[in-house]
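As stored in input.csv (CSV, C-alpha atoms and all ligand atoms):
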```csv
chain,number,residue,atom,x,y,z
A,1411,MET,CA,-92.9,28.5,24.8
A,1412,LYS,CA,-91.0,31.5,26.1
A,1413,ASN,CA,-90.4,34.2,23.5
A,1414,PRO,CA,-86.7,34.1,22.7
A,1415,PHE,CA,-86.5,37.6,21.4
A,1416,SER,CA,-85.9,40.6,23.5
A,1417,TYR,CA,-85.5,44.3,22.8
A,1418,SER,CA,-85.7,46.3,26.0
A,1419,GLU,CA,-82.2,45.6,27.4
A,1420,PHE,CA,-78.9,44.3,26.3
A,1421,VAL,CA,-79.1,40.7,25.1
A,1422,THR,CA,-76.9,37.6,25.6
A,1423,GLY,CA,-77.2,33.9,25.0
A,1424,GLU,CA,-79.7,32.7,22.4
A,1425,ALA,CA,-81.1,36.2,21.9
A,1426,PHE,CA,-77.7,37.4,20.7
A,1427,CYS,CA,-77.1,37.0,17.0
A,1428,ASN,CA,-73.6,36.2,15.6
A,1429,ARG,CA,-70.8,38.7,16.2
A,1430,LYS,CA,-68.4,35.8,16.2
A,1431,GLN,CA,-65.5,37.8,14.8
A,1432,GLU,CA,-66.1,40.7,17.1
A,1433,LYS,CA,-66.2,38.4,20.1
A,1434,GLU,CA,-63.0,36.7,19.0
A,1435,ASP,CA,-61.2,40.0,18.5
A,1436,LEU,CA,-62.3,41.4,21.9
A,1437,ILE,CA,-61.4,38.3,23.7
A,1438,TYR,CA,-58.0,38.3,22.1
A,1439,PHE,CA,-57.4,41.9,23.0
A,1440,ALA,CA,-58.4,41.2,26.6
A,1441,GLN,CA,-56.1,38.2,26.9
A,1442,ASN,CA,-53.3,40.3,25.6
A,1443,SER,CA,-54.0,43.4,27.6
A,1444,GLN,CA,-54.8,45.6,24.6
A,1445,ASN,CA,-57.1,48.6,25.2
A,1446,VAL,CA,-60.0,49.1,22.8
A,1447,LEU,CA,-62.2,52.0,21.9
A,1448,LEU,CA,-65.5,50.3,20.9
A,1449,TYR,CA,-68.0,52.7,19.3
A,1450,SER,CA,-71.0,52.9,17.1
A,1451,HIS,CA,-74.1,55.0,16.9
A,1452,ARG,CA,-76.9,54.2,19.4
A,1453,ARG,CA,-78.5,50.8,19.9
A,1454,MET,CA,-76.0,48.9,17.6
A,1455,GLY,CA,-75.2,46.3,20.3
A,1456,LYS,CA,-72.1,47.5,22.1
A,1457,THR,CA,-73.4,46.7,25.6
A,1458,SER,CA,-74.7,43.3,24.5
A,1459,LEU,CA,-71.4,42.4,22.9
A,1460,VAL,CA,-69.3,43.3,25.9
A,1461,HIS,CA,-71.6,41.2,28.1
A,1462,GLU,CA,-71.2,38.3,25.8
A,1463,VAL,CA,-67.4,38.8,25.8
A,1464,ILE,CA,-67.4,38.9,29.6
A,1465,LYS,CA,-69.4,35.7,29.8
A,1466,GLN,CA,-66.9,33.9,27.6
A,1467,LEU,CA,-63.8,35.3,29.3
A,1468,LYS,CA,-65.0,33.8,32.6
A,1469,LYS,CA,-65.1,30.3,30.9
A,1470,LEU,CA,-61.5,30.5,29.7
A,1471,LYS,CA,-58.6,28.8,31.2
A,1472,PRO,CA,-56.9,30.7,32.6
A,1473,LYS,CA,-60.0,32.7,33.4
A,1474,VAL,CA,-60.0,36.4,32.7
A,1475,ASN,CA,-62.0,38.3,35.3
A,1476,ALA,CA,-64.1,41.3,34.2
A,1477,VAL,CA,-65.6,44.4,35.7
A,1478,TYR,CA,-68.3,46.2,33.8
A,1479,ILE,CA,-68.8,49.9,34.7
A,1480,ASP,CA,-71.7,51.8,33.4
A,1481,LEU,CA,-70.9,55.5,33.3
A,1482,TYR,CA,-74.3,56.5,32.0
A,1483,GLY,CA,-75.7,59.4,34.1
A,1484,THR,CA,-72.5,60.0,36.0
A,1485,LEU,CA,-72.0,63.7,36.3
A,1486,ASP,CA,-68.7,64.2,38.0
A,1487,GLU,CA,-65.6,62.6,39.4
A,1488,ASN,CA,-67.4,61.5,42.6
A,1489,ASP,CA,-69.9,59.6,40.5
A,1490,PHE,CA,-67.1,58.0,38.5
A,1491,ILE,CA,-65.4,56.8,41.7
A,1492,ASP,CA,-68.6,55.4,43.0
A,1493,ALA,CA,-69.2,53.6,39.7
A,1494,VAL,CA,-65.8,52.0,39.9
A,1495,LEU,CA,-66.2,50.9,43.5
A,1496,THR,CA,-69.6,49.5,42.8
A,1497,GLY,CA,-68.2,47.7,39.7
A,1498,ILE,CA,-65.6,46.0,41.9
A,1499,MET,CA,-68.5,44.1,43.7
A,1500,GLN,CA,-68.8,42.0,40.5
A,1501,ILE,CA,-65.5,40.3,41.3
A,1502,GLU,CA,-65.5,40.6,45.1
A,1503,SER,CA,-68.8,39.8,46.8
A,1504,LYS,CA,-67.7,40.5,50.3
A,1505,LEU,CA,-67.8,44.1,51.3
A,1506,GLU,CA,-65.0,43.5,53.9
A,1507,GLY,CA,-62.8,42.2,51.1
A,1508,ILE,CA,-63.1,45.5,49.3
A,1509,LEU,CA,-62.8,47.6,52.4
A,1510,LYS,CA,-59.6,45.9,53.2
A,1511,ARG,CA,-58.1,46.9,49.9
A,1512,VAL,CA,-59.4,50.4,50.0
A,1513,ALA,CA,-57.5,51.4,53.1
A,1514,GLY,CA,-57.9,55.0,53.7
A,1515,LEU,CA,-61.1,55.3,51.7
A,1516,LYS,CA,-64.3,56.2,53.5
A,1517,VAL,CA,-66.7,53.9,51.8
A,1518,THR,CA,-70.3,53.1,52.6
A,1519,GLY,CA,-72.4,50.3,51.1
A,1520,SER,CA,-76.1,50.6,50.3
A,1521,PHE,CA,-78.7,49.3,47.8
A,1522,ASP,CA,-79.7,51.0,44.6
A,1523,PRO,CA,-83.4,52.0,45.2
A,1524,VAL,CA,-84.2,51.3,41.5
A,1525,THR,CA,-82.4,48.1,40.8
A,1526,GLY,CA,-82.1,46.8,44.4
A,1527,LEU,CA,-78.5,45.9,43.7
A,1528,PRO,CA,-75.7,46.7,46.2
A,1529,THR,CA,-73.8,49.9,45.6
A,1530,LEU,CA,-70.7,51.4,47.1
A,1531,SER,CA,-70.2,55.1,47.6
A,1532,ALA,CA,-67.2,57.1,48.8
A,1533,SER,CA,-67.5,60.3,50.9
A,1534,ILE,CA,-64.9,62.6,49.4
A,1535,LYS,CA,-63.9,66.2,50.2
A,1536,PRO,CA,-62.9,68.2,47.1
A,1537,ARG,CA,-59.3,68.3,48.2
A,1538,GLU,CA,-59.1,64.5,48.4
A,1539,LYS,CA,-60.3,63.8,44.9
A,1540,PRO,CA,-57.0,63.1,43.2
A,1541,GLN,CA,-56.0,60.6,45.8
A,1542,TYR,CA,-59.4,59.0,45.8
A,1543,LEU,CA,-59.5,58.4,42.1
A,1544,GLU,CA,-56.0,56.9,42.2
A,1545,LYS,CA,-56.9,54.7,45.2
A,1546,ALA,CA,-60.2,53.4,43.7
A,1547,LEU,CA,-58.4,52.5,40.5
A,1548,GLN,CA,-55.6,50.9,42.5
A,1549,VAL,CA,-58.2,48.6,44.1
A,1550,LEU,CA,-59.1,47.5,40.6
A,1551,ALA,CA,-55.4,46.9,39.8
A,1552,SER,CA,-54.9,44.9,43.0
A,1553,TYR,CA,-57.3,42.3,41.6
A,1554,SER,CA,-55.2,42.0,38.4
A,1555,GLU,CA,-52.0,41.0,40.2
A,1556,LYS,CA,-52.7,37.3,40.0
A,1557,GLN,CA,-55.1,37.2,37.1
A,1558,LYS,CA,-55.7,39.2,34.0
A,1559,LEU,CA,-58.6,41.6,34.2
A,1560,LEU,CA,-60.9,43.3,31.7
A,1561,VAL,CA,-62.4,46.6,32.7
A,1562,VAL,CA,-65.2,48.0,30.6
A,1563,PHE,CA,-66.1,51.6,30.8
A,1564,ASP,CA,-69.5,51.8,29.0
A,1565,GLU,CA,-70.8,55.2,27.9
A,1566,PHE,CA,-67.3,56.6,28.3
A,1567,GLN,CA,-68.2,59.8,26.5
A,1568,GLU,CA,-69.9,60.9,29.7
A,1569,ILE,CA,-66.5,61.9,31.2
A,1570,ALA,CA,-66.1,64.6,28.6
A,1571,ASN,CA,-68.8,66.6,30.5
A,1572,TYR,CA,-67.2,66.3,34.0
A,1573,SER,CA,-66.3,69.7,35.3
A,1574,GLU,CA,-63.2,68.6,37.4
A,1575,LYS,CA,-60.0,70.0,35.9
A,1576,GLY,CA,-57.5,67.5,34.7
A,1577,PHE,CA,-59.7,64.5,35.3
A,1578,GLU,CA,-58.9,62.8,32.0
A,1579,LYS,CA,-55.2,63.3,32.5
A,1580,ARG,CA,-55.2,61.9,36.0
A,1581,LEU,CA,-57.3,58.9,34.8
A,1582,ARG,CA,-55.0,58.3,31.9
A,1583,LYS,CA,-51.9,58.4,34.2
A,1584,VAL,CA,-53.3,55.7,36.5
A,1585,ILE,CA,-54.6,53.5,33.8
A,1586,GLN,CA,-51.3,53.6,31.9
A,1587,GLY,CA,-49.6,51.9,34.8
A,1588,HIS,CA,-52.0,48.9,34.8
A,1589,ARG,CA,-50.1,46.3,32.9
A,1590,ASN,CA,-52.4,43.3,33.6
A,1591,ILE,CA,-55.7,45.1,32.8
A,1592,SER,CA,-57.2,45.6,29.4
A,1593,TYR,CA,-59.7,48.4,29.1
A,1594,ILE,CA,-62.7,48.7,26.8
A,1595,PHE,CA,-63.8,52.2,26.4
A,1596,SER,CA,-67.3,52.0,24.9
A,1597,GLY,CA,-69.7,54.7,23.8
A,1598,SER,CA,-71.8,56.2,21.1
A,1599,GLN,CA,-71.0,59.8,20.6
A,1600,LYS,CA,-68.5,59.2,17.9
A,1601,HIS,CA,-67.3,62.7,17.5
A,1602,ILE,CA,-66.5,63.1,21.2
A,1603,LEU,CA,-64.8,59.7,21.5
A,1604,ILE,CA,-62.8,60.1,18.3
A,1605,GLN,CA,-61.6,63.5,19.5
A,1606,MET,CA,-60.6,62.1,22.9
A,1607,PHE,CA,-58.6,59.3,21.5
A,1608,ASP,CA,-57.3,60.6,18.2
A,1609,SER,CA,-56.4,64.1,18.9
A,1610,VAL,CA,-52.9,64.9,20.2
A,1611,LYS,CA,-54.4,67.6,22.4
A,1612,TYR,CA,-56.5,65.1,24.4
A,1613,ALA,CA,-55.4,62.9,27.3
A,1614,PHE,CA,-56.4,59.6,25.8
A,1615,TYR,CA,-54.5,60.1,22.6
A,1616,LYS,CA,-53.5,56.7,21.2
A,1617,MET,CA,-54.5,55.0,24.5
A,1618,ALA,CA,-56.7,52.4,22.7
A,1619,ARG,CA,-57.2,50.7,19.4
A,1620,SER,CA,-60.3,51.9,17.5
A,1621,TYR,CA,-62.9,49.3,17.0
A,1622,PRO,CA,-66.0,50.6,15.2
A,1623,LEU,CA,-68.9,48.2,15.6
A,1624,GLN,CA,-70.4,47.4,12.3
A,1625,LYS,CA,-73.9,46.2,11.4
A,1626,ILE,CA,-74.7,42.5,11.5
A,1627,GLU,CA,-75.1,41.0,8.0
A,1628,THR,CA,-78.5,39.8,6.8
A,1629,HIS,CA,-77.4,36.1,6.4
A,1630,HIS,CA,-76.5,36.0,10.1
A,1631,TYR,CA,-79.9,37.3,11.0
A,1632,ILE,CA,-81.4,34.7,8.7
A,1633,ASP,CA,-79.5,31.8,10.3
A,1634,TRP,CA,-80.1,33.0,13.8
A,1635,SER,CA,-83.8,33.8,13.6
A,1636,THR,CA,-84.8,30.7,11.5
A,1637,LYS,CA,-83.1,28.5,14.0
A,1638,LEU,CA,-85.1,30.0,16.9
A,1639,PHE,CA,-88.4,29.8,15.0
A,1640,LYS,CA,-87.7,26.1,14.4
A,1641,LYS,CA,-87.9,25.6,18.1
A,1642,LYS,CA,-91.6,26.0,17.8
A,1643,ASN,CA,-91.8,24.1,14.5
A,1644,VAL,CA,-92.3,27.2,12.4
A,1645,THR,CA,-90.4,27.6,9.2
A,1646,LEU,CA,-89.5,31.3,8.8
A,1647,ASP,CA,-89.0,32.2,5.1
A,1648,GLU,CA,-85.8,34.0,4.3
A,1649,GLU,CA,-87.7,36.7,2.4
A,1650,ILE,CA,-89.5,37.6,5.6
A,1651,VAL,CA,-86.2,38.1,7.5
A,1652,VAL,CA,-84.8,40.1,4.6
A,1653,ASN,CA,-87.9,42.2,4.6
A,1654,ILE,CA,-87.5,42.9,8.3
A,1655,VAL,CA,-83.8,43.6,8.2
A,1656,GLU,CA,-84.2,46.0,5.4
A,1657,ARG,CA,-87.2,47.8,6.9
A,1658,CYS,CA,-85.2,48.2,10.1
A,1659,ASP,CA,-82.1,49.5,8.3
A,1660,TYR,CA,-80.1,46.7,10.1
A,1661,GLN,CA,-80.9,48.2,13.5
A,1662,PRO,CA,-80.8,45.2,15.8
A,1663,MET,CA,-83.2,46.5,18.5
A,1664,TYR,CA,-86.0,46.9,15.9
A,1665,ILE,CA,-85.2,43.6,14.3
A,1666,GLN,CA,-85.6,42.0,17.7
A,1667,GLN,CA,-88.9,43.8,18.2
A,1668,PHE,CA,-90.3,42.7,14.9
A,1669,LEU,CA,-89.2,39.1,15.6
A,1670,PHE,CA,-90.7,39.3,19.1
A,1671,ASP,CA,-94.0,40.3,17.7
A,1672,LEU,CA,-93.8,37.9,14.9
A,1673,TRP,CA,-93.2,35.0,17.3
A,1674,ARG,CA,-96.7,35.7,18.8
A,1675,SER,CA,-98.4,35.7,15.5
A,1676,ASP,CA,-100.1,32.7,14.0
A,1677,ILE,CA,-99.8,34.0,10.5
A,1678,ILE,CA,-96.4,35.0,9.0
A,1679,ASP,CA,-96.6,37.1,5.8
A,1680,SER,CA,-95.7,40.5,4.6
A,1681,ALA,CA,-99.1,42.0,5.6
A,1682,ILE,CA,-98.3,41.1,9.2
A,1683,ILE,CA,-94.9,42.7,8.9
A,1684,GLU,CA,-96.6,45.8,7.7
A,1685,ASP,CA,-99.0,45.7,10.7
A,1686,ILE,CA,-96.1,45.2,13.2
A,1687,GLU,CA,-94.3,48.2,11.7
A,1688,LYS,CA,-97.4,50.4,12.2
A,1689,SER,CA,-97.7,49.3,15.8
A,1690,ILE,CA,-94.1,49.9,16.5
A,1691,VAL,CA,-94.2,53.4,15.0
A,1692,SER,CA,-97.4,54.2,16.8
A,1693,SER,CA,-96.1,52.9,20.2
A,1694,GLN,CA,-93.2,55.4,19.9
A,1695,LYS,CA,-95.4,58.3,18.7
A,1696,ASN,CA,-95.4,60.2,22.0
A,1697,GLN,CA,-91.6,60.1,22.3
A,1698,PHE,CA,-91.3,61.3,18.7
A,1699,ILE,CA,-93.6,64.2,19.2
A,1700,VAL,CA,-91.7,65.3,22.3
A,1701,LEU,CA,-88.4,65.2,20.3
A,1702,TRP,CA,-90.0,66.9,17.3
A,1703,ASN,CA,-91.3,69.8,19.4
A,1704,LEU,CA,-87.8,70.5,20.7
A,1705,LEU,CA,-86.4,71.0,17.2
A,1706,THR,CA,-86.1,74.3,15.4
A,1707,GLN,CA,-88.0,74.9,12.1
A,1708,ASN,CA,-84.8,74.4,10.1
A,1709,GLN,CA,-83.9,71.2,11.9
A,1710,LYS,CA,-87.4,69.9,11.2
A,1711,LYS,CA,-87.1,70.8,7.5
A,1712,ALA,CA,-83.7,69.1,7.4
A,1713,LEU,CA,-85.0,65.9,9.0
A,1714,ARG,CA,-87.9,65.8,6.6
A,1715,LEU,CA,-85.6,66.2,3.7
A,1716,VAL,CA,-83.3,63.4,4.9
A,1717,ALA,CA,-86.3,61.2,5.5
A,1718,GLU,CA,-87.7,61.8,2.0
A,1719,THR,CA,-84.5,61.5,0.1
A,1720,GLY,CA,-82.5,59.0,2.1
A,1721,GLY,CA,-79.9,61.8,2.4
A,1722,LYS,CA,-79.0,61.7,-1.3
A,1723,GLY,CA,-78.6,64.8,-3.4
A,1724,ILE,CA,-79.9,67.1,-0.7
A,1725,TYR,CA,-77.6,70.0,-1.6
A,1726,THR,CA,-78.9,70.6,-5.2
A,1727,ALA,CA,-80.6,74.0,-5.8
A,1728,GLU,CA,-83.9,72.3,-6.5
A,1729,MET,CA,-83.9,70.2,-3.3
A,1730,LEU,CA,-82.9,73.2,-1.2
A,1731,GLN,CA,-85.7,75.2,-2.6
A,1732,ARG,CA,-88.2,72.4,-2.3
A,1733,ALA,CA,-87.3,71.9,1.3
A,1734,GLY,CA,-87.4,75.6,2.0
A,1735,PHE,CA,-83.7,76.5,2.6
A,1736,ASN,CA,-82.3,79.7,1.4
A,1737,SER,CA,-78.8,78.3,1.2
A,1738,GLY,CA,-76.8,75.1,1.6
A,1739,SER,CA,-75.0,76.5,4.7
A,1740,VAL,CA,-78.3,76.9,6.6
A,1741,LEU,CA,-79.0,73.2,5.8
A,1742,GLN,CA,-75.5,72.3,6.8
A,1743,ARG,CA,-75.9,73.9,10.2
A,1744,ALA,CA,-79.2,72.2,10.9
A,1745,LEU,CA,-77.7,68.8,9.9
A,1746,SER,CA,-74.7,69.4,12.2
A,1747,SER,CA,-76.9,70.1,15.2
A,1748,LEU,CA,-79.0,67.0,14.4
A,1749,MET,CA,-75.8,65.0,14.5
A,1750,GLU,CA,-74.8,66.5,17.8
A,1751,LYS,CA,-78.2,65.5,19.2
A,1752,GLU,CA,-77.5,62.0,18.0
A,1753,ILE,CA,-80.6,62.0,15.7
A,1754,LEU,CA,-78.6,61.7,12.5
A,1755,TYR,CA,-75.2,60.2,11.6
A,1756,LYS,CA,-73.2,60.4,8.5
A,1757,ASP,CA,-72.1,57.3,6.6
A,1758,VAL,CA,-71.5,58.5,3.0
A,1759,THR,CA,-75.0,60.1,3.3
A,1760,TYR,CA,-76.9,61.3,6.3
A,1761,GLN,CA,-78.9,58.6,8.0
A,1762,PHE,CA,-81.3,58.3,10.9
A,1763,GLN,CA,-80.0,56.7,14.1
A,1764,ASP,CA,-83.6,55.6,14.7
A,1765,THR,CA,-85.2,54.2,11.6
A,1766,MET,CA,-88.7,54.3,13.1
A,1767,LEU,CA,-88.4,58.0,13.6
A,1768,LYS,CA,-87.6,58.3,9.9
A,1769,LYS,CA,-90.8,56.3,9.1
A,1770,TRP,CA,-92.9,58.5,11.5
A,1771,ILE,CA,-91.6,61.6,9.7
A,1772,GLN,CA,-92.3,60.1,6.3
A,1773,ARG,CA,-95.9,59.5,7.4
A,1774,LEU,CA,-96.2,63.1,8.6
A,1775,SER,CA,-95.7,64.6,5.2
B,1,LIG,N1,-75.9,40.7,18.5
B,1,LIG,C1,-77.2,41.0,18.7
B,1,LIG,N2,-78.2,40.1,18.3
B,1,LIG,C2,-79.5,40.4,18.4
B,1,LIG,N3,-79.9,41.6,18.9
B,1,LIG,C3,-79.0,42.5,19.3
B,1,LIG,C4,-77.6,42.2,19.2
B,1,LIG,N4,-77.0,43.3,19.7
B,1,LIG,C5,-78.0,44.2,20.1
B,1,LIG,N5,-79.2,43.7,19.8
B,1,LIG,C6,-80.5,44.4,20.0
B,1,LIG,O1,-80.3,45.8,20.1
B,1,LIG,C7,-80.7,46.3,21.4
B,1,LIG,C8,-79.7,47.3,21.8
B,1,LIG,O2,-78.5,46.7,22.1
B,1,LIG,P1,-77.4,47.3,23.1
B,1,LIG,O3,-78.1,47.9,24.3
B,1,LIG,O4,-76.4,46.2,23.3
B,1,LIG,O5,-76.8,48.4,22.2
B,1,LIG,P2,-75.9,49.6,22.5
B,1,LIG,O6,-75.0,49.9,21.3
B,1,LIG,O7,-75.1,49.4,23.8
B,1,LIG,O8,-76.9,50.8,22.7
B,1,LIG,P3,-76.7,52.2,23.4
B,1,LIG,O9,-75.9,53.0,22.5
B,1,LIG,O10,-78.0,52.8,23.6
B,1,LIG,O11,-76.0,52.0,24.7
B,1,LIG,C9,-80.8,45.1,22.3
B,1,LIG,O12,-81.9,45.3,23.2
B,1,LIG,C10,-81.2,44.0,21.3
B,1,LIG,O13,-82.6,44.0,21.1
B,2,MG,MG,-75.1,50.4,25.6
```

Mind turning the file's structure into structure tokens?
Ligand SMILES: Nc1ncnc2c1ncn2[C@@H]1O[C@H](COP(=O)(O)OP(=O)(O)OP(=O)(O)O)[C@@H](O)[C@H]1O
Ligand SMILES: [Mg+2]
Amino acid sequence: MKNPFSYSEFVTGEAFCNRKQEKEDLIYFAQNSQNVLLYSHRRMGKTSLVHEVIKQLKKLKPKVNAVYIDLYGTLDENDFIDAVLTGIMQIESKLEGILKRVAGLKVTGSFDPVTGLPTLSASIKPREKPQYLEKALQVLASYSEKQKLLVVFDEFQEIANYSEKGFEKRLRKVIQGHRNISYIFSGSQKHILIQMFDSVKYAFYKMARSYPLQKIETHHYIDWSTKLFKKKNVTLDEEIVVNIVERCDYQPMYIQQFLFDLWRSDIIDSAIIEDIEKSIVSSQKNQFIVLWNLLTQNQKKALRLVAETGGKGIYTAEMLQRAGFNSGSVLQRALSSLMEKEILYKDVTYQFQDTMLKKWIQRLS
């Protein structure tokens, strides 16, 4: 029987656990043309959720069309425009159809060498950029004239690094005029995104409603995973699921990976869970070593301190001394840069974005 769990890409269908309320909310916002800023730290399930929402929107009557645009790796405005044009192919399969609407745009079609999927690319001279951005976005808008449209910009924080002056302002100006489109701006670098949308100085101020993606509760994981295990006539004990969820600090990717490995095992007990954890940590070892070697001494000390204490009481004189910090401000600086690097995040206390990295560091000392 095919393993129903999956952890290497976004998940939908039976591999997707719960998030009923989130789906309902996002569908409602899309139907009512409300823009949303969807954010969380890494690997919490944003991309999976938006794909689930897109799937359901297509089934509605009247149907809401959707375009998913992945901005990961885009470096400038040209890349952004190409990503938008390529995204349009999700709702218009015929190249001629798009070309007709992009009158005045020099667009060429090709295939992505990695994914093999069709891509569109515009040849743009620097002078032409403002018009091109507007035209590409107007193509999107033209598809929303008869039917509501959802446009998802995933990894939206990437645009903060584009060098073109005034890009955000121009983008905002065009988007604001799109009455029949709802936008989901999704991403993970909370500090960048919050600043973009919540600071009066920035172009996207109050452009979208904030929607932080929370963890999935344990009872949802229990319902979902026990049901899937039933398919092969295996009763999965609740305690086993609780054990996995807690070990993984509620990180869905690792929970999937544990369940994927558990599905293959003939015996299900806590010793097996322990073995799976060891194998997951060791399979990531090389990546962790590369990351560790890029850190300064103070950052390493700070990470070890957070790993050992769970981030609690780290500023006491005794802790600082034990961890080898001369002052709280040195620790504070190290923690800030670890947050910027998306290694830690703060939620009352400091936490690891990657719980297996925490376990690896705990094993180091
Ligand atoms: N609702 C869910 N049910 C079960 N597993 C999930 C769910 N959402 C996410 N996952 C697991 O977490 C992994 C990461 O999910 P996804 O790529 O959607 O997260 P993300 O927040 O978009 O990550 P990133 O910040 O890296 O873009 C998936 O591969 C899957 O294993
Ligand atoms: Mg994602």

Enumerate as a PDB file with C-alpha atoms, in the coordinates of the input the residues within 6 Å of ligand LIG 1 (chain B), counting only C-alpha atoms and all ligand atoms.
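Wrote it out as out-v4.pdb, contents follow:
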```
ATOM      1  CA  SER A1416     -85.900  40.600  23.500  1.00  0.00           C
ATOM      2  CA  TYR A1417     -85.500  44.300  22.800  1.00  0.00           C
ATOM      3  CA  SER A1418     -85.700  46.300  26.000  1.00  0.00           C
ATOM      4  CA  GLU A1419     -82.200  45.600  27.400  1.00  0.00           C
ATOM      5  CA  PHE A1420     -78.900  44.300  26.300  1.00  0.00           C
ATOM      6  CA  VAL A1421     -79.100  40.700  25.100  1.00  0.00           C
ATOM      7  CA  ALA A1425     -81.100  36.200  21.900  1.00  0.00           C
ATOM      8  CA  PHE A1426     -77.700  37.400  20.700  1.00  0.00           C
ATOM      9  CA  CYS A1427     -77.100  37.000  17.000  1.00  0.00           C
ATOM     10  CA  ASN A1428     -73.600  36.200  15.600  1.00  0.00           C
ATOM     11  CA  ARG A1429     -70.800  38.700  16.200  1.00  0.00           C
ATOM     12  CA  ARG A1452     -76.900  54.200  19.400  1.00  0.00           C
ATOM     13  CA  ARG A1453     -78.500  50.800  19.900  1.00  0.00           C
ATOM     14  CA  MET A1454     -76.000  48.900  17.600  1.00  0.00           C
ATOM     15  CA  GLY A1455     -75.200  46.300  20.300  1.00  0.00           C
ATOM     16  CA  LYS A1456     -72.100  47.500  22.100  1.00  0.00           C
ATOM     17  CA  THR A1457     -73.400  46.700  25.600  1.00  0.00           C
ATOM     18  CA  SER A1458     -74.700  43.300  24.500  1.00  0.00           C
ATOM     19  CA  SER A1598     -71.800  56.200  21.100  1.00  0.00           C
ATOM     20  CA  PRO A1662     -80.800  45.200  15.800  1.00  0.00           C
ATOM     21  CA  MET A1663     -83.200  46.500  18.500  1.00  0.00           C
ATOM     22  CA  GLN A1666     -85.600  42.000  17.700  1.00  0.00           C
TER      23      GLN A1666
END
```

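Closest to Lys1616 (chain A) among A:Ser1737, A:Asn1413, A:Gln1586, A:Thr1628 is A:Gln1586, based on only C-alpha atoms.
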
Using only C-alpha atoms, tabulate the residues of region 1560-1665 of chain A lying at most 8 Å from any atom of region 1762-1773 of chain A, each with its closest atom pair and that distance in Å to one decimal, by chain and increasing residue number, as JSON lines.
```
{"residue": "A:Cys1658", "atom": "CA", "partner": "A:Thr1765", "partner_atom": "CA", "distance": 6.2}
{"residue": "A:Asp1659", "atom": "CA", "partner": "A:Thr1765", "partner_atom": "CA", "distance": 6.5}
{"residue": "A:Gln1661", "atom": "CA", "partner": "A:Thr1765", "partner_atom": "CA", "distance": 7.6}
```

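Across the structure, CA of Lys1471 (chain A) and CA of Leu1623 (chain A) are spaced 26.9 Å apart.
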
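Distances to ligand MG 2 (chain B) were evaluated for A:Glu1555, A:Ser1596, A:Ala1532, A:Lys1433 using all atoms listed in the file, and the minimum falls at A:Ser1596.
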
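Nearest residue to Lys1412 (chain A), choosing from A:Lys1641, A:Lys1751, A:Tyr1553, A:Ser1692 and counting only C-alpha atoms: A:Lys1641.
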
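Here CA of Lys1583 (chain A) and CA of Ser1609 (chain A) stand 16.9 Å from one another.
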
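The nearest approach to ligand MG 2 (chain B) among the residues A:Ala1744, A:Val1562, A:Leu1485, A:Ile1686, with all atoms listed in the file taken into account, belongs to A:Val1562.
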
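Every polymer residue reaching to within 12 Å of (-90.4, 35.6, 3.0), counting only C-alpha atoms, appears in this list: A:Ile1632, A:Thr1636, A:Thr1645, A:Leu1646, A:Asp1647, A:Glu1648, A:Glu1649, A:Ile1650, A:Val1651, A:Val1652, A:Asn1653, A:Ile1654, A:Val1655, A:Ile1678, A:Asp1679, A:Ser1680, A:Ala1681, A:Ile1682, A:Ile1683.
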
Exercise for the section: Mind giving me the straight-line distance from CA of Asn1643 (chain A) to CA of Leu1459 (chain A) in Å, one decimal? Expected result: 28.7 Å

Completion exercise
Shortest contact to Tyr1449 (chain A), candidates A:Pro1622, A:Gly1587, A:Gly1734, A:Pro1540, atoms counted only C-alpha atoms, goes to A:Pro1622

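Each of A:Phe1670, A:Leu1774, A:Ser1746, A:Pro1472 was checked against Gln1557 (chain A) using all atoms listed in the file; the smallest atom-to-atom distance is that of A:Pro1472.
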
If you count only C-alpha atoms, which residues fall within 9 Å of Asn1488 (chain A), apart from same-chain ones fewer than 4 positions away, as an mmCIF file with C-alpha atoms, in the frame of the given file?
```cif
data_model
loop_
_atom_site.group_PDB
_atom_site.id
_atom_site.type_symbol
_atom_site.label_atom_id
_atom_site.label_comp_id
_atom_site.auth_asym_id
_atom_site.auth_seq_id
_atom_site.Cartn_x
_atom_site.Cartn_y
_atom_site.Cartn_z
ATOM 1 C CA THR A 1484 -72.500 60.000 36.000
ATOM 2 C CA ASP A 1492 -68.600 55.400 43.000
ATOM 3 C CA ALA A 1493 -69.200 53.600 39.700
ATOM 4 C CA SER A 1531 -70.200 55.100 47.600
ATOM 5 C CA ALA A 1532 -67.200 57.100 48.800
ATOM 6 C CA SER A 1533 -67.500 60.300 50.900
ATOM 7 C CA ILE A 1534 -64.900 62.600 49.400
ATOM 8 C CA LYS A 1539 -60.300 63.800 44.900
ATOM 9 C CA TYR A 1542 -59.400 59.000 45.800
ATOM 10 C CA LEU A 1543 -59.500 58.400 42.100
#
```

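The list of residues with at least one atom within 10 Å of Lys1465 (chain A), based on all atoms listed in the file and without residues fewer than 3 positions apart in the same chain, reads Thr1422, Gly1423, Leu1459, Val1460, His1461, Glu1462, Lys1468, Lys1469, Leu1470, Val1474, Asn1475 and Ala1476 of chain A.
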
Handout entry: Surrounding residues of Gly1483 (chain A) excluding itself and chain neighbours under 5 positions, 9 Å, all atoms listed in the file, as a VMD selection string
Key = chain A and resid 1489 1565 1568

Problem - Selection: 12 Å around Met1606 (chain A), all atoms listed in the file, excl. self and same-chain fewer than 2 positions, as a PyMOL selection string - result: chain A and resi 1447+1566-1570+1578-1579+1582+1595+1597+1599-1604+1608-1618+1620
